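To keep things clear, I will list the structure first and then write my remarks on it.
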Amino acid sequence: MAYVHGPLMHLRVGQVPVVVVTSKELARDVLKTHDANFATRSKLVAGGIVAYDWADILFSPSGDYWRKLRRLCIQEILSTKRILSFQHIREDEVLNLVDEIRAAGPSTPVDLSSRLHRITNSIVSRAAFGRKRSNAADFLAAIKQSVVMSSGFYVPDLFPRFTGILSVLTGMRRKLRAIRRTVDGILEEIICEREEMLKQGNNKEEENLVDVLLGLQENGHDFGFPMTRDTIKAIILDMFAGGTGTSASAMEWAMSELMTNPKVMRKLQAEIRAAFPGKQQIITETDLRASDLKYLKFVMKETLRLHPPAPLLVPRESIEACEINGYMIPAKARVIVNSWAISRDPKYWEDAEEFKPERFQGAALDFGSNYEYTPFGSGRRMCPGYNYGLASMELTLAQLLHSFDWSLPDGMDHVDMSEAPGLGVRRKTPLLLRATPALYAFAAS
């Protein structure tokens with residue numbers, strides 16, 4: 001539609017004016033120049049029911065509460081120090097993944113898609129709860145369903161004047177309340193369990209985010225708002241909603257692109273194996289920080305360019321009427337930045353549809369500061385946890401490419417790169433590959 005109607009489109013969807021931005025220049029206007037005016041969120045039905053009356057970072061409208069909540073998360077939950085504190089969890093889970101793949105043998109195709117989703121779920125579960133839970137599958141399924149229902153394109157969200165009655169008539173309220181009961185029941189069980197353990201001083205498990213938040217609540221840290229039980233639950237909910245499926249999908253696409261581009265695969269494996277010659281077990285994050293694998297970072301950036309985690313950035317809402325590019329954007333319009341289209345626009349990218357990690361070599365293109373490249377958004381509403389996801393992605397890819405040589409199953413001559421419909425643009429089919437343990441022929445330099 002943007003090719004036909006231009007980079008700024010106004011759509012009337014139900015009663016809601018929707019503005020779609022599909023150029024770097026206009027994205028800068030929304031995400032930087034007029035960032036404050038476009039920094040709020042629509043009060044969607046799902047956010048009110050599942051996210052504890054919009055108490056989380058994702059759904060919370062712009063204002064004093066959201067600013068203080070974001071500061072708390074950046075300082076206490078998503079800080080560099082906190083991310084590093086969970087390094088051993090990521091390393092344990094990646095080692096388990098390698099052992100699983102090795103046990104399958106080189107002749108058996110591995111469903112890498114399901115394994116990558118499982119590892120990201122396990123990493124977030126252990127970081128949030130201290131250990132994997134027996135009811136984790138129910139919890140994750142409920143969150144996945146709530147994310148789908150948070151698109152803003154369900155009928156009750158498109159007719160704000162009739163949201164209440166439509167949410168009942170369409171059954172949306174009933175479904176969301178069932179999701180809320182599942183999520184809340186599991187979170188309440190975990191919080192009570194951790195409170196009892198902390199009270200008795202019998203904390204044999206590793207510290208997790210629930211412990212951190214309970215500690216902040218007990219010690220009365222002044223972030224300018226009350227740290228209620230619902231706040232704790234909403235923050236944990238965000239960690240799962242933002243830290244599981246998106247990370248796994250990014251790794252799926254990275255491996256898919258590498259299989260489709262064998263020269264890039266060989267170059268990246270050469271870099272990794274030269275950095276760690278003969279190392280047959282786990283590559284640690286300490287190793288990665290010391291080695292600075294530049295080409296691996298370029299591959300990750302190129303993957304996120306072609307396959308951004310949120311192809312249509314989470315919709316913002318205009319607080320007041322605002323003029324952009326000569327057009328008046330009305331108040332309470334939903335503004336969507338089409339990151340997927342902008343990051344593939346040949347006006348900004350040479351050979352835009354090709355997977356060329358080298359394009360980032362010497363280029364001052366980074367997350368959040370270049371508006372032709374916004375896989376995590378930009379401005380006030382930029383995803384605050386992207387470094388958390390990148391840490392898992394870097395370690396997992398480095399280990400998989402170091403430990404195994406990858407090939408297609410017998411009878412398959414190419415990787416199906418079809419995308420599934422949906423907000424996340426995931427692979428349409430599982431990624432099935434054969435993994436042969438690598439022969440370490442690199443001599444230490």
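Every chain in the structure tokens has a letter given in the order shown (A, B, ...), and although residue numbers restart at 1 in each chain, ligands are simply numbered from 1 in the order shown.
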
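Using only C-alpha atoms, the protein and nucleic acid residues lying no more than 10 Å from Pro409 (chain A), apart from those fewer than 2 places from it along its own chain, are Pro106, Ser107, Thr108, Pro109, Val110, Trp406, Ser407, Gly411, Met412, Asp413, His414, Leu432, Leu433, Arg434 and Ala435 of chain A.
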
Convert the current residue selection to file output with N, CA and C atoms, as a PDB file, in the first residue's frame.
```pdb
ATOM      1  N   PRO A 106      24.422 -37.285  13.659  1.00  0.00           N
ATOM      2  CA  PRO A 106      24.495 -36.510  12.410  1.00  0.00           C
ATOM      3  C   PRO A 106      23.517 -36.952  11.330  1.00  0.00           C
ATOM      4  N   SER A 107      22.954 -38.156  11.459  1.00  0.00           N
ATOM      5  CA  SER A 107      22.049 -38.633  10.401  1.00  0.00           C
ATOM      6  C   SER A 107      20.595 -38.265  10.655  1.00  0.00           C
ATOM      7  N   THR A 108      20.289 -37.799  11.858  1.00  0.00           N
ATOM      8  CA  THR A 108      18.907 -37.473  12.218  1.00  0.00           C
ATOM      9  C   THR A 108      18.660 -35.973  12.116  1.00  0.00           C
ATOM     10  N   PRO A 109      17.715 -35.535  11.286  1.00  0.00           N
ATOM     11  CA  PRO A 109      17.412 -34.096  11.216  1.00  0.00           C
ATOM     12  C   PRO A 109      16.933 -33.574  12.568  1.00  0.00           C
ATOM     13  N   VAL A 110      17.434 -32.408  12.938  1.00  0.00           N
ATOM     14  CA  VAL A 110      17.091 -31.773  14.206  1.00  0.00           C
ATOM     15  C   VAL A 110      16.077 -30.663  13.932  1.00  0.00           C
ATOM     16  N   TRP A 406      26.667 -27.764   9.709  1.00  0.00           N
ATOM     17  CA  TRP A 406      25.235 -27.887   9.461  1.00  0.00           C
ATOM     18  C   TRP A 406      24.957 -28.183   7.985  1.00  0.00           C
ATOM     19  N   SER A 407      23.991 -29.050   7.736  1.00  0.00           N
ATOM     20  CA  SER A 407      23.616 -29.385   6.364  1.00  0.00           C
ATOM     21  C   SER A 407      22.123 -29.660   6.295  1.00  0.00           C
ATOM     22  N   GLY A 411      17.274 -35.206   0.570  1.00  0.00           N
ATOM     23  CA  GLY A 411      16.089 -34.911  -0.226  1.00  0.00           C
ATOM     24  C   GLY A 411      15.672 -33.452  -0.208  1.00  0.00           C
ATOM     25  N   MET A 412      16.365 -32.620   0.596  1.00  0.00           N
ATOM     26  CA  MET A 412      16.031 -31.189   0.657  1.00  0.00           C
ATOM     27  C   MET A 412      17.174 -30.406   0.020  1.00  0.00           C
ATOM     28  N   ASP A 413      16.861 -29.553  -0.970  1.00  0.00           N
ATOM     29  CA  ASP A 413      17.927 -28.831  -1.665  1.00  0.00           C
ATOM     30  C   ASP A 413      17.943 -27.331  -1.350  1.00  0.00           C
ATOM     31  N   HIS A 414      16.986 -26.858  -0.521  1.00  0.00           N
ATOM     32  CA  HIS A 414      16.991 -25.442  -0.140  1.00  0.00           C
ATOM     33  C   HIS A 414      16.193 -25.266   1.144  1.00  0.00           C
ATOM     34  N   LEU A 432      14.492 -27.648   9.865  1.00  0.00           N
ATOM     35  CA  LEU A 432      15.059 -28.982  10.067  1.00  0.00           C
ATOM     36  C   LEU A 432      16.447 -29.041   9.450  1.00  0.00           C
ATOM     37  N   LEU A 433      17.448 -29.343  10.260  1.00  0.00           N
ATOM     38  CA  LEU A 433      18.828 -29.396   9.794  1.00  0.00           C
ATOM     39  C   LEU A 433      19.546 -30.604  10.393  1.00  0.00           C
ATOM     40  N   ARG A 434      20.591 -31.049   9.705  1.00  0.00           N
ATOM     41  CA  ARG A 434      21.462 -32.091  10.255  1.00  0.00           C
ATOM     42  C   ARG A 434      22.687 -31.425  10.862  1.00  0.00           C
ATOM     43  N   ALA A 435      23.108 -31.913  12.016  1.00  0.00           N
ATOM     44  CA  ALA A 435      24.248 -31.334  12.732  1.00  0.00           C
ATOM     45  C   ALA A 435      25.334 -32.393  12.897  1.00  0.00           C
TER      46      ALA A 435
END
```

For region 343-352 of chain A: contacts at 7 Å, only C-alpha atoms, fewer than 6 positions along chain excluded, given as a JSON list (two decimals) with N, CA and C atoms, in the first residue's frame:
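Generated output (result_18.json):
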```json
[["chain", "number", "residue", "atom", "x", "y", "z"],
["A", 305, "ARG", "N", 17.85, -6.84, 10.61],
["A", 305, "ARG", "CA", 17.41, -5.91, 9.57],
["A", 305, "ARG", "C", 16.34, -6.58, 8.71],
["A", 306, "LEU", "N", 16.61, -7.79, 8.24],
["A", 306, "LEU", "CA", 15.68, -8.48, 7.36],
["A", 306, "LEU", "C", 14.49, -9.10, 8.11],
["A", 372, "GLU", "N", 16.44, 4.20, 9.62],
["A", 372, "GLU", "CA", 16.23, 3.18, 8.60],
["A", 372, "GLU", "C", 16.45, 1.79, 9.19],
["A", 373, "TYR", "N", 16.84, 1.75, 10.47],
["A", 373, "TYR", "CA", 17.18, 0.48, 11.12],
["A", 373, "TYR", "C", 16.67, 0.52, 12.57]]
```

For Lys301 (chain A), please output as an MDAnalysis selection string all residues within 8 Å (counting only C-alpha atoms; exclusion window: fewer than 3 positions along the same chain). chainID A and resid 297:298 304:305 357 360

Spatial neighbours of Ala420 (chain A), max dist 12 Å, only C-alpha atoms, sep filter under 5 positions, as a CSV table (one decimal) with C-alpha atoms, in the first residue's frame:
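Resulting contents of result_19.csv:
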```
chain,number,residue,atom,x,y,z
A,249,SER,CA,12.6,-16.3,16.1
A,425,VAL,CA,6.7,-12.8,11.1
A,426,ARG,CA,8.1,-16.1,12.2
A,427,ARG,CA,9.1,-19.0,9.9
A,428,LYS,CA,6.2,-20.8,8.3
A,429,THR,CA,7.8,-24.2,8.6
A,430,PRO,CA,10.1,-25.6,11.3
```

Neighbours of region 322-328 of chain A within 12 Å (only C-alpha atoms; same-chain residues fewer than 2 positions away dropped), as a short mmCIF file (atom, residue, chain, number, x, y, z; two decimals) with N, CA and C atoms, in the first residue's frame?
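Saved the output as part35.cif:
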```cif
data_model
loop_
_atom_site.label_atom_id
_atom_site.label_comp_id
_atom_site.auth_asym_id
_atom_site.auth_seq_id
_atom_site.Cartn_x
_atom_site.Cartn_y
_atom_site.Cartn_z
N GLY A 6 2.15 6.15 -0.80
CA GLY A 6 3.18 6.98 -0.20
C GLY A 6 3.53 6.56 1.23
N PRO A 7 4.56 7.19 1.80
CA PRO A 7 5.12 6.75 3.08
C PRO A 7 4.33 7.18 4.31
N LEU A 8 3.26 7.97 4.13
CA LEU A 8 2.41 8.36 5.26
C LEU A 8 0.97 8.10 4.86
N MET A 9 0.38 7.08 5.48
CA MET A 9 -0.98 6.68 5.12
C MET A 9 -1.91 6.82 6.30
N HIS A 10 -3.12 7.29 6.04
CA HIS A 10 -4.17 7.38 7.06
C HIS A 10 -5.25 6.37 6.72
N PRO A 17 -8.58 6.12 13.93
CA PRO A 17 -7.69 6.56 12.87
C PRO A 17 -6.31 5.91 13.05
N VAL A 19 -2.46 5.64 11.48
CA VAL A 19 -1.47 6.27 10.61
C VAL A 19 -0.28 5.34 10.48
N VAL A 21 3.54 4.72 8.97
CA VAL A 21 4.75 5.43 8.54
C VAL A 21 5.70 4.43 7.89
N SER A 23 8.81 5.40 5.97
CA SER A 23 10.05 6.00 5.48
C SER A 23 10.93 6.38 6.66
N GLU A 25 12.66 9.10 7.08
CA GLU A 25 12.49 10.50 7.45
C GLU A 25 11.27 10.70 8.35
N LEU A 26 10.16 10.06 7.98
CA LEU A 26 8.94 10.20 8.78
C LEU A 26 9.04 9.40 10.08
N ALA A 27 9.77 8.29 10.04
CA ALA A 27 10.01 7.54 11.29
C ALA A 27 10.78 8.40 12.28
N ARG A 28 11.74 9.18 11.78
CA ARG A 28 12.48 10.09 12.67
C ARG A 28 11.54 11.13 13.27
N ASP A 29 10.60 11.64 12.48
CA ASP A 29 9.64 12.61 13.01
C ASP A 29 8.84 12.02 14.17
N VAL A 30 8.40 10.76 14.00
CA VAL A 30 7.58 10.13 15.03
C VAL A 30 8.41 9.71 16.24
N LEU A 31 9.56 9.10 15.99
CA LEU A 31 10.35 8.48 17.07
C LEU A 31 11.34 9.43 17.73
N THR A 33 11.66 13.57 16.70
CA THR A 33 11.23 14.97 16.72
C THR A 33 9.98 15.17 17.57
N HIS A 34 8.98 14.31 17.36
CA HIS A 34 7.72 14.42 18.11
C HIS A 34 7.54 13.21 19.04
N ASP A 35 8.65 12.70 19.52
CA ASP A 35 8.61 11.49 20.35
C ASP A 35 7.68 11.64 21.55
N ALA A 36 7.76 12.76 22.24
CA ALA A 36 6.93 12.95 23.45
C ALA A 36 5.45 12.88 23.14
N ASN A 37 5.06 13.38 21.96
CA ASN A 37 3.64 13.38 21.60
C ASN A 37 3.15 11.99 21.19
N PHE A 38 4.08 11.13 20.74
CA PHE A 38 3.69 9.79 20.29
C PHE A 38 4.18 8.71 21.25
N GLU A 317 0.30 6.04 20.31
CA GLU A 317 -0.91 6.84 20.18
C GLU A 317 -0.55 8.31 20.34
N SER A 318 -1.08 9.14 19.47
CA SER A 318 -0.80 10.58 19.56
C SER A 318 -1.58 11.18 20.73
N ILE A 319 -0.90 11.98 21.53
CA ILE A 319 -1.54 12.62 22.68
C ILE A 319 -2.34 13.84 22.22
N GLU A 320 -1.73 14.62 21.34
CA GLU A 320 -2.39 15.79 20.78
C GLU A 320 -2.26 15.75 19.27
N PRO A 330 -4.35 13.44 13.77
CA PRO A 330 -5.30 13.78 14.83
C PRO A 330 -4.88 13.22 16.19
N ALA A 331 -5.40 13.79 17.24
CA ALA A 331 -5.18 13.24 18.58
C ALA A 331 -5.81 11.86 18.66
N LYS A 332 -5.20 10.99 19.46
CA LYS A 332 -5.66 9.62 19.68
C LYS A 332 -5.61 8.75 18.43
N ALA A 333 -4.76 9.13 17.48
CA ALA A 333 -4.53 8.26 16.33
C ALA A 333 -3.51 7.19 16.71
N VAL A 335 -0.41 5.18 15.71
CA VAL A 335 0.67 5.40 14.74
C VAL A 335 1.55 4.16 14.70
#
```

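For Phe129 (chain A), the residues within 9 Å (counting only C-alpha atoms, excluding itself and residues fewer than 4 positions away along the chain) are Val124, Ser125, Arg133, Ile190, Ile191, Arg194, Glu207, Asn208, Leu209, Val210 and Asp211 of chain A.
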
What's the 10 Å shell around Ser167 (chain A), counting only C-alpha atoms, without same-chain residues fewer than 4 positions away, as number ranges by chain? A: 45, 154-157, 162-163, 171-176

Restricting the calculation to only C-alpha atoms: of A:Asn135, A:Gln15, A:Thr228, A:Ser392, which residue gets closest to Phe153 (chain A)?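 Ranked by minimum distance to Phe153 (chain A), first place goes to A:Gln15.
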
Check region 11-224 of chain A with DSSP on the backbone and list each residue it calls helix (DSSP H, G or I), as a count of residues only. 142

So how far away is CA of Val20 (chain A) from CA of Tyr3 (chain A), in Å?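 Computed distance, CA of Tyr3 (chain A) to CA of Val20 (chain A), equals 12.3 Å.
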
What is the CA of Val147 (chain A)-CA of Leu312 (chain A) distance in Å, reported with one decimal?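 Distance between the two atoms: 14.0 Å.
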
Write down as a VMD selection string the residues of region 141-357 of chain A whose backbone DSSP state falls under strand (DSSP E or B). chain A and resid 312 316 to 317 322 to 324 327 to 329 334 to 338

For the residues in the current selection, export N, CA and C atoms as a CSV table (one decimal), in the first residue's frame.
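After the write, result28.csv holds the following:
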```csv
chain,number,residue,atom,x,y,z
A,312,LEU,N,6.0,-4.5,12.6
A,312,LEU,CA,5.3,-3.2,12.7
A,312,LEU,C,5.5,-2.9,14.2
A,316,ARG,N,2.0,3.3,18.7
A,316,ARG,CA,1.9,4.4,19.6
A,316,ARG,C,0.6,5.1,19.4
A,317,GLU,N,0.3,6.0,20.3
A,317,GLU,CA,-0.9,6.8,20.2
A,317,GLU,C,-0.6,8.3,20.3
A,322,CYS,N,-1.0,16.8,15.7
A,322,CYS,CA,0.4,17.1,15.4
A,322,CYS,C,0.6,17.1,13.9
A,323,GLU,N,1.4,18.0,13.4
A,323,GLU,CA,1.7,18.1,12.0
A,323,GLU,C,2.9,17.4,11.6
A,324,ILE,N,2.8,16.5,10.6
A,324,ILE,CA,4.0,15.8,10.1
A,324,ILE,C,4.0,15.8,8.6
A,327,TYR,N,1.0,17.1,6.9
A,327,TYR,CA,-0.3,16.5,7.2
A,327,TYR,C,-0.6,16.6,8.7
A,328,MET,N,-1.9,16.8,9.1
A,328,MET,CA,-2.2,16.9,10.5
A,328,MET,C,-2.6,15.5,11.0
A,329,ILE,N,-1.9,15.0,12.0
A,329,ILE,CA,-2.2,13.7,12.6
A,329,ILE,C,-3.1,14.0,13.8
A,334,ARG,N,-3.7,6.0,16.2
A,334,ARG,CA,-2.7,4.9,16.4
A,334,ARG,C,-1.7,5.1,15.3
A,335,VAL,N,-0.4,5.2,15.7
A,335,VAL,CA,0.7,5.4,14.7
A,335,VAL,C,1.6,4.2,14.7
A,336,ILE,N,1.7,3.6,13.5
A,336,ILE,CA,2.4,2.3,13.3
A,336,ILE,C,3.6,2.7,12.4
A,337,VAL,N,4.8,2.4,12.9
A,337,VAL,CA,6.0,2.5,12.1
A,337,VAL,C,6.3,1.1,11.5
A,338,ASN,N,6.3,1.1,10.1
A,338,ASN,CA,6.6,-0.2,9.4
A,338,ASN,C,8.1,-0.4,9.3
```

Could you check how far CA of Met265 (chain A) sits from CA of Ala310 (chain A), in Å to one decimal?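 About the pair CA of Met265 (chain A) and CA of Ala310 (chain A): they are 25.3 Å apart.
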
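With only C-alpha atoms as the atoms that count, the residue of A:Glu354, A:Glu285, A:Glu252, A:Glu93 with the shortest distance to Glu302 (chain A) is A:Glu354.
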